[in-house]
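Raw contents of work_8.cif, mmCIF, C-alpha atoms:
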```
data_start
#
loop_
_atom_site.label_atom_id
_atom_site.label_comp_id
_atom_site.auth_asym_id
_atom_site.auth_seq_id
_atom_site.Cartn_x
_atom_site.Cartn_y
_atom_site.Cartn_z
CA MET P 19 130.12 -8.05 -8.48
CA LYS P 20 127.17 -10.14 -7.35
CA GLU P 21 126.87 -13.71 -8.57
CA LYS P 22 123.50 -13.04 -10.25
CA GLU P 23 124.87 -10.07 -12.19
CA ARG P 24 127.90 -12.13 -13.27
CA GLU P 25 125.61 -14.89 -14.58
CA GLU P 26 123.57 -12.35 -16.56
CA ILE P 27 126.69 -10.90 -18.19
CA GLU P 28 128.00 -14.40 -19.02
CA LYS P 29 124.68 -15.32 -20.66
CA TRP P 30 124.81 -12.14 -22.75
CA ILE P 31 128.43 -12.84 -23.80
CA GLU P 32 127.52 -16.39 -24.75
CA GLY P 33 124.81 -15.04 -27.05
CA ASP P 34 121.74 -16.32 -25.21
CA GLU P 35 120.16 -12.87 -25.54
CA SER P 36 120.79 -9.60 -27.29
CA GLY P 37 121.78 -6.36 -25.58
CA THR P 38 118.28 -4.98 -26.17
CA GLU P 39 116.69 -8.05 -24.57
CA MET P 40 119.00 -7.87 -21.59
CA LEU P 41 118.34 -4.14 -21.10
CA SER P 42 114.60 -4.74 -21.24
CA ARG P 43 114.86 -7.60 -18.73
CA VAL P 44 117.09 -5.71 -16.29
CA SER P 45 114.92 -2.59 -16.51
CA SER P 46 111.84 -4.63 -15.63
CA VAL P 47 113.30 -5.71 -12.25
CA ARG P 48 114.68 -2.33 -11.21
CA PRO P 49 112.76 -0.51 -8.47
CA PHE P 50 110.24 2.15 -9.44
CA LEU P 51 111.38 5.68 -8.60
CA PHE P 52 108.17 7.22 -7.34
CA PRO P 53 108.15 10.73 -5.85
CA PRO P 54 107.06 11.32 -2.24
CA PRO P 55 105.30 9.87 -0.39
CA LEU P 56 106.19 6.50 -2.01
CA HIS P 57 109.94 7.14 -2.07
CA ARG P 58 110.93 5.58 1.25
CA VAL P 59 111.01 1.92 0.18
CA PRO P 60 112.04 0.54 -3.24
CA LEU P 61 109.06 -0.95 -5.07
CA ARG P 62 109.55 -3.56 -7.79
CA VAL P 63 107.40 -5.60 -10.14
CA GLY P 64 105.78 -8.43 -8.22
CA ASN P 65 105.39 -6.35 -5.05
CA VAL P 66 101.90 -5.78 -3.65
CA LEU P 67 101.53 -2.41 -1.89
CA GLU P 68 98.44 -1.88 0.25
CA LEU P 69 97.36 1.61 1.29
CA VAL P 70 95.25 1.29 4.44
CA GLY P 71 93.23 4.07 6.01
CA PRO P 72 89.78 5.47 6.79
CA SER P 73 87.65 7.11 4.15
CA PRO P 74 88.64 9.75 3.21
CA SER P 75 92.39 9.73 3.79
CA ALA P 76 93.89 10.59 0.38
CA LYS P 77 94.51 6.95 -0.58
CA THR P 78 93.10 7.42 -4.09
CA GLN P 79 95.00 10.71 -4.34
CA ILE P 80 98.25 8.81 -3.76
CA LEU P 81 97.29 6.34 -6.50
CA ILE P 82 96.55 9.20 -8.89
CA ASN P 83 99.95 10.82 -8.28
CA ALA P 84 101.69 7.47 -8.79
CA ALA P 85 99.68 6.86 -11.97
CA ILE P 86 100.64 10.26 -13.41
CA THR P 87 104.30 9.54 -12.66
CA SER P 88 103.99 6.21 -14.45
CA VAL P 89 102.38 7.51 -17.67
CA LEU P 90 104.56 10.61 -18.08
CA PRO P 91 107.64 10.31 -20.35
CA LYS P 92 111.05 10.16 -18.68
CA PRO P 93 112.02 13.76 -19.63
CA TYR P 94 109.05 14.88 -17.53
CA GLY P 95 110.11 12.81 -14.53
CA GLY P 96 107.90 9.86 -15.43
CA LEU P 97 108.39 6.13 -15.93
CA ASP P 98 107.06 5.98 -19.52
CA HIS P 99 104.68 3.05 -18.90
CA LEU P 100 100.99 2.20 -19.04
CA VAL P 101 98.83 2.04 -15.91
CA LEU P 102 95.74 -0.11 -15.40
CA PHE P 103 93.32 1.31 -12.82
CA LEU P 104 90.57 -1.02 -11.53
CA ASP P 105 87.89 1.09 -9.86
CA LEU P 106 85.94 -1.11 -7.45
CA ASP P 107 84.73 1.80 -5.34
CA CYS P 108 83.09 3.51 -8.36
CA ARG P 109 84.12 6.97 -7.13
CA PHE P 110 87.08 7.79 -9.35
CA ASP P 111 87.11 11.42 -10.53
CA ILE P 112 88.65 11.64 -14.01
CA THR P 113 88.45 15.44 -13.85
CA ARG P 114 90.75 15.43 -10.83
CA PHE P 115 93.18 13.15 -12.67
CA SER P 116 93.14 15.42 -15.72
CA GLN P 117 93.78 18.58 -13.70
CA LEU P 118 96.69 17.03 -11.80
CA LEU P 119 98.19 15.71 -15.04
CA ILE P 120 98.07 19.18 -16.61
CA HIS P 121 99.62 20.62 -13.46
CA ARG P 122 102.52 18.14 -13.63
CA ILE P 123 103.11 18.90 -17.31
CA THR P 124 103.13 22.67 -16.79
CA GLN P 125 105.59 22.34 -13.89
CA HIS P 126 108.41 21.94 -16.42
CA GLY P 127 108.89 25.67 -17.01
CA THR P 128 106.03 26.41 -19.43
CA ASP P 129 102.83 28.31 -18.80
CA SER P 130 100.90 26.18 -21.30
CA TYR P 131 100.82 22.43 -21.62
CA ASP P 132 101.62 20.24 -24.60
CA GLN P 133 98.27 18.98 -25.83
CA ALA P 134 99.82 16.04 -27.68
CA LEU P 135 101.65 14.98 -24.52
CA TYR P 136 98.46 15.33 -22.53
CA HIS P 137 96.52 13.04 -24.89
CA LEU P 138 99.40 10.54 -24.90
CA CYS P 139 99.36 10.32 -21.11
CA MET P 140 95.57 10.04 -20.97
CA ALA P 141 95.70 7.18 -23.49
CA ARG P 142 98.26 5.41 -21.30
CA PHE P 143 95.88 5.49 -18.34
CA LEU P 144 93.65 2.42 -18.72
CA TYR P 145 90.49 2.52 -16.63
CA VAL P 146 88.09 -0.31 -15.75
CA ARG P 147 85.10 -0.07 -13.43
CA CYS P 148 83.66 -3.13 -11.65
CA TYR P 149 80.37 -3.21 -9.75
CA ASP P 150 80.64 -6.55 -7.93
CA SER P 151 83.01 -9.45 -7.27
CA PHE P 152 81.86 -11.36 -10.35
CA GLU P 153 82.78 -8.47 -12.65
CA PHE P 154 86.08 -8.07 -10.81
CA LEU P 155 87.00 -11.73 -11.27
CA HIS P 156 85.89 -11.70 -14.91
CA THR P 157 88.06 -8.62 -15.51
CA LEU P 158 91.11 -10.29 -13.98
CA ARG P 159 90.59 -13.41 -16.11
CA THR P 160 90.36 -11.43 -19.35
CA LEU P 161 93.08 -8.85 -18.73
CA HIS P 162 95.80 -10.81 -20.52
CA ARG P 163 94.37 -10.18 -23.99
CA ARG P 164 93.69 -6.52 -23.32
CA LEU P 165 97.19 -5.91 -21.98
CA GLU P 166 98.71 -7.62 -25.01
CA LYS P 167 96.58 -5.50 -27.34
CA GLU P 168 97.44 -2.24 -25.57
CA LYS P 169 101.12 -3.09 -25.70
CA GLU P 170 100.93 -3.65 -29.46
CA VAL P 171 99.04 -0.41 -30.05
CA GLN P 172 101.00 1.92 -27.75
CA GLY P 173 104.41 0.30 -27.86
CA VAL P 174 104.80 0.13 -24.06
CA GLY P 175 103.38 -2.27 -21.52
CA VAL P 176 101.49 -1.99 -18.25
CA HIS P 177 103.90 -2.00 -15.31
CA VAL P 178 101.51 -0.86 -12.57
CA LEU P 179 98.13 -2.37 -11.67
CA MET P 180 96.03 -0.26 -9.29
CA ILE P 181 92.98 -1.51 -7.38
CA ASP P 182 90.73 1.01 -5.65
CA SER P 183 89.53 -0.38 -3.31
CA ILE P 184 90.19 -4.07 -2.70
CA GLY P 185 87.61 -4.36 0.10
CA ALA P 186 84.79 -2.59 -1.74
CA PHE P 187 82.70 -5.76 -2.17
CA HIS P 188 83.53 -7.45 1.12
CA TRP P 189 80.38 -6.48 3.01
CA MET P 190 78.12 -7.01 0.00
CA ASP P 191 79.54 -10.51 -0.45
CA ARG P 192 79.15 -11.17 3.27
CA ALA P 193 75.49 -10.16 3.17
CA SER P 194 74.91 -12.17 -0.02
CA MET P 195 76.42 -15.24 1.64
CA PHE P 196 73.99 -14.88 4.55
CA LEU P 197 70.96 -14.39 2.30
CA SER P 198 71.91 -17.31 0.05
CA GLN P 199 71.62 -19.70 2.99
CA ARG P 200 67.85 -19.54 2.54
CA GLU P 201 68.08 -20.28 -1.19
CA THR P 202 69.70 -23.70 -1.54
CA SER P 203 69.31 -23.63 -5.33
CA LYS P 204 71.86 -20.82 -5.61
CA LYS P 205 75.58 -21.26 -5.11
CA LYS P 206 76.81 -19.62 -1.94
CA LEU P 207 79.37 -16.85 -2.23
CA PHE P 208 82.13 -17.53 0.26
CA LEU P 209 84.49 -14.69 1.12
CA GLN P 210 87.52 -16.94 1.36
CA THR P 211 86.77 -18.47 -2.06
CA VAL P 212 86.41 -15.06 -3.69
CA SER P 213 89.68 -13.79 -2.19
CA GLU P 214 91.49 -16.96 -3.21
CA ALA P 215 90.24 -16.56 -6.77
CA VAL P 216 91.33 -12.90 -6.84
CA VAL P 217 94.84 -13.70 -5.59
CA GLN P 218 95.16 -16.70 -7.89
CA ASN P 219 94.16 -14.69 -10.98
CA ILE P 220 96.53 -11.85 -10.10
CA ARG P 221 99.38 -14.33 -9.64
CA LYS P 222 98.68 -15.85 -13.06
CA LEU P 223 98.59 -12.39 -14.60
CA LEU P 224 101.93 -11.47 -13.03
CA GLN P 225 103.57 -14.50 -14.60
CA VAL P 226 102.98 -13.17 -18.12
CA HIS P 227 102.78 -9.44 -17.32
CA PRO P 228 105.20 -8.49 -14.49
CA MET P 229 103.65 -5.54 -12.69
CA LEU P 230 103.66 -3.65 -9.42
CA ILE P 231 100.34 -4.00 -7.61
CA MET P 232 98.95 -1.03 -5.66
CA ALA P 233 95.70 -1.47 -3.77
CA THR P 234 93.77 0.74 -1.38
CA LYS P 235 91.68 -0.57 1.50
CA SER P 236 89.25 1.45 3.61
CA VAL P 237 89.18 0.61 7.30
CA ILE P 238 87.60 1.94 10.47
CA PHE P 239 89.88 2.92 13.33
CA GLY P 240 88.89 1.35 16.62
CA ASN P 241 85.76 -0.66 17.32
CA ARG P 242 82.73 1.21 15.94
CA TYR P 243 80.16 -1.53 16.57
CA SER P 244 77.55 -0.76 19.19
CA THR P 245 74.37 -2.55 20.28
CA ALA P 246 71.68 -2.05 22.85
CA SER P 247 72.82 -5.09 24.78
CA ASN P 248 76.00 -4.69 26.80
CA GLU P 249 76.49 -8.44 26.70
CA VAL P 250 76.44 -8.51 22.90
CA LYS P 251 78.70 -5.46 22.76
CA GLY P 252 81.23 -7.07 25.06
CA ASN P 253 81.34 -10.23 22.98
CA MET P 254 81.65 -8.20 19.80
CA GLU P 255 84.61 -6.26 21.23
CA GLU P 256 86.28 -9.49 22.29
CA ARG P 257 85.80 -10.95 18.84
CA CYS P 258 87.05 -7.85 17.03
CA SER P 259 90.10 -7.51 19.27
CA LYS P 260 91.54 -10.66 17.72
CA ASN P 261 91.53 -9.01 14.31
CA MET P 262 92.80 -5.60 15.39
CA THR P 263 96.04 -4.22 13.98
CA ARG P 264 97.90 -1.60 16.05
CA ASN P 265 100.69 0.69 14.91
CA HIS P 266 103.20 2.51 17.09
CA GLN P 267 100.94 5.54 17.57
CA ASN P 268 98.07 3.43 18.98
CA PHE P 269 95.84 3.63 15.92
CA GLN P 270 93.68 0.52 15.68
CA TYR P 271 91.79 -0.85 12.73
CA ARG P 272 89.93 -4.07 12.16
CA GLU P 273 91.48 -6.36 9.55
CA TYR P 274 88.49 -7.81 7.70
CA MET P 275 90.13 -9.16 4.52
CA PRO P 276 90.71 -12.93 4.47
CA SER P 277 94.16 -14.23 5.32
CA VAL P 278 94.88 -15.25 1.72
CA TRP P 279 94.91 -11.58 0.72
CA GLN P 280 96.81 -10.44 3.84
CA SER P 281 99.62 -12.91 3.11
CA PHE P 282 99.69 -11.75 -0.54
CA VAL P 283 100.55 -8.17 0.50
CA THR P 284 104.29 -7.44 0.60
CA HIS P 285 104.19 -3.74 1.58
CA ARG P 286 101.66 -1.81 3.66
CA ILE P 287 101.21 1.90 4.43
CA LEU P 288 98.81 3.32 7.02
CA VAL P 289 97.28 6.68 6.04
CA HIS P 290 95.33 8.81 8.50
CA SER P 291 94.49 12.44 9.22
CA SER P 292 97.13 14.67 10.76
CA ASP P 293 96.43 16.62 13.94
CA GLU P 294 98.50 19.51 12.58
CA HIS P 295 96.42 22.17 10.87
CA PRO P 296 97.21 22.42 7.13
CA GLY P 297 97.01 26.21 7.25
CA THR P 298 100.69 26.32 8.16
CA ILE P 299 101.55 25.92 4.46
CA ASN P 300 99.32 28.81 3.35
CA HIS P 301 96.82 26.69 1.41
CA GLN P 302 93.09 27.13 1.82
CA ASN P 303 90.65 24.20 1.57
CA SER P 304 93.42 21.68 2.16
CA SER P 305 93.79 18.56 4.33
CA ALA P 306 96.89 17.12 5.99
CA TYR P 307 97.61 13.39 6.33
CA LEU P 308 100.29 11.18 7.85
CA LEU P 309 101.72 8.12 6.09
CA GLU P 310 103.33 5.39 8.18
CA TRP P 311 105.05 2.33 6.75
CA LEU P 312 103.82 -0.78 8.54
CA LEU P 313 105.41 -3.32 6.18
CA PRO P 314 108.36 -2.94 6.23
CA LYS P 315 108.30 -1.11 9.54
CA LEU P 316 109.73 2.41 9.47
CA SER P 317 109.98 4.58 12.58
CA PHE P 318 109.31 7.94 10.93
CA PRO P 319 106.06 9.05 9.22
CA ASP P 320 105.63 11.30 6.19
CA ARG P 321 103.21 14.23 6.10
CA ILE P 322 101.34 15.19 2.94
CA VAL P 323 98.86 17.96 2.20
CA VAL P 324 96.05 17.57 -0.34
CA LYS P 325 94.46 20.69 -1.71
CA ASP P 326 90.73 20.19 -2.20
CA LEU P 327 88.91 21.25 -5.35
CA VAL P 328 85.88 23.55 -5.29
CA GLY P 329 82.69 21.52 -5.27
CA TRP P 330 84.18 18.35 -3.82
CA CYS P 331 81.93 18.73 -0.79
CA LEU P 332 79.02 17.61 -2.98
CA CYS P 333 80.63 14.29 -3.87
CA PRO P 334 79.76 12.38 -0.66
CA ILE P 335 76.10 13.35 -0.98
CA ILE P 336 75.93 12.35 -4.63
CA MET P 337 77.72 9.05 -4.07
CA TYR P 338 75.45 8.25 -1.14
CA LEU P 339 72.42 8.64 -3.38
CA LEU P 340 73.99 6.56 -6.15
CA ARG P 341 75.20 3.79 -3.85
CA ARG P 342 72.58 3.72 -1.11
CA ASP P 343 71.97 0.03 -1.88
CA VAL P 344 75.59 -0.68 -0.99
CA TYR P 345 75.27 1.05 2.37
CA LEU P 346 72.11 -0.94 3.11
CA MET P 347 74.00 -4.17 2.40
CA ILE P 348 76.79 -3.12 4.74
CA ILE P 349 74.29 -2.33 7.51
CA LEU P 350 72.68 -5.74 6.95
CA ALA P 351 76.04 -7.51 7.17
CA VAL P 352 76.83 -5.84 10.50
CA ALA P 353 73.38 -6.71 11.81
CA VAL P 354 73.95 -10.33 10.85
CA ASP P 355 77.14 -10.38 12.94
CA VAL P 356 75.28 -9.05 15.97
CA VAL P 357 72.41 -11.55 15.62
CA GLN P 358 74.74 -14.50 15.20
CA ILE P 359 76.73 -13.57 18.32
CA HIS P 360 73.53 -13.03 20.30
CA ASN P 361 72.13 -16.43 19.25
CA LYS P 362 75.44 -18.10 20.10
CA ASN P 363 75.37 -16.62 23.59
CA LYS P 364 71.84 -17.92 24.14
CA VAL P 365 72.96 -21.45 23.33
#
```
Take the structure from the file and write it as structure tokens.
Amino acid sequence: MKEKEREEIEKWIEGDESGTEMLSRVSSVRPFLFPPPLHRVPLRVGNVLELVGPSPSAKTQILINAAITSVLPKPYGGLDHLVLFLDLDCRFDITRFSQLLIHRITQHGTDSYDQALYHLCMARFLYVRCYDSFEFLHTLRTLHRRLEKEKEVQGVGVHVLMIDSIGAFHWMDRASMFLSQRETSKKKLFLQTVSEAVVQNIRKLLQVHPMLIMATKSVIFGNRYSTASNEVKGNMEERCSKNMTRNHQNFQYREYMPSVWQSFVTHRILVHSSDEHPGTINHQNSSAYLLEWLLPKLSFPDRIVVKDLVGWCLCPIIMYLLRRDVYLMIILAVAVDVVQIHNKNKV
């Protein structure tokens, strides 16, 4: 018997806590039993799992499956907890979530689903949408009261906090920081300061509400920057190479999040498209992806197949129209990088 377990039993015998309190405490530190593809490594409260990959690469799909597992009751293979989903990318499809939830419910030997169970699970899925870093920080600061209220109403607490996607505001904040240099009356928005505030607020939240953190992060494989000047391009490649992360299959992506967030992450999975055609499993309109554990390092990848819904091909066009201002800010931020490097070379 381990020393820690012996101490817990002795405290219970001495009457420092009841059996119910001890069971609740021990259950809170046990690893979450998620189905594939998150079954390789035990995940516990306090862990921060980052799903890294290009867009699209089924990162949100993995979050949805994990969320459904969390909100379902234990007889249905679930964890019987609440889930808080912070949508920073503003592209979450609640219809997709609803359809997958019904599918999971009907998998238990019935052709029809329990409507009461469906509404219970939907109520356990807490959704918040943020449009910029200020709303994101404000949400983190005010989550304590909401989580306490939800726990009183529903009788169970939030054990999983999902963030999709953590880097959604990075380029907007970077462009805003550059533009604010011309307006001395306004407070500059520093990327490091924002990331530090995010990590600090999450840490404070975990102290009173122990949770597992799952966050997605969109990245670009390789160096996609290109300019008309070969000199500027060469300097850009040299600069980016210092922030490149490489896995064992030679996939490269640029790590753009500040170091305070990178050090906060305890587990990391790389998700990317599979070269194998998904038609081998007899599904039409489906996509295959590979998942590779980077932290901790595992030598074998997992392959998943996501079946697309009819009409999903319209989503990128619609979201481009709705968020064209975001794309303009990203283009501006990249242009700022190129100009700064060019000016530095002149000096």
Worksheet item: How many Å lie between atom CA of P:Val63 and atom CA of P:Ile120, rounded to one decimal?
Response: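 Distance between the two atoms: 27.3 Å.
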Worksheet item: With all atoms listed in the file as the atoms that count, which of P:Arg272, P:Val323, P:Ala233, P:His227 lies nearest to P:Lys169?
Response: P:His227
Discussion item. For the provided coordinates, the residues matched by the PyMOL selection byres ((chain P and resi 315-321) around 10) should be stated as a PyMOL selection string.
Written reply: chain P and resi 54-56+58-59+265-266+285-292+294+306-314+322-323
Worksheet item: Counting only C-alpha atoms, which of P:His99, P:Arg221, P:Arg192, P:Arg109 gets nearest to P:Val174?
Response: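 Closest to P:Val174, using only C-alpha atoms: P:His99.
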Fill in: One-decimal distance in Å that lies between atom CA of P:Arg164 and atom CA of P:Ile184
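Atom-to-atom, atom CA of P:Ile184 and atom CA of P:Arg164 are spaced 21.1 Å apart.
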Practice prompt. Would you mind telling me which residue in P:Gln218, P:Gln210, P:Thr87, P:Thr284 lies nearest to P:Asn65 when using all atoms listed in the file?
Written response: P:Thr284
Worksheet item: So which one's closest to P:Ser236, P:His57, P:Lys222, P:Lys77, P:Arg122? Using all atoms listed in the file, please.
Response: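 That would be P:Lys77, the residue with the smallest distance to P:Ser236.
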Item to complete: Any chance you could resolve the PyMOL selection byres ((chain P and resi 146) around 10) against this file and give the residues as a list in words?
Response: Leu102, Phe103, Leu104, Asp105, Leu106, Cys108, Leu144, Tyr145, Arg147, Cys148, Phe154, Thr157 and Ile181 of chain P
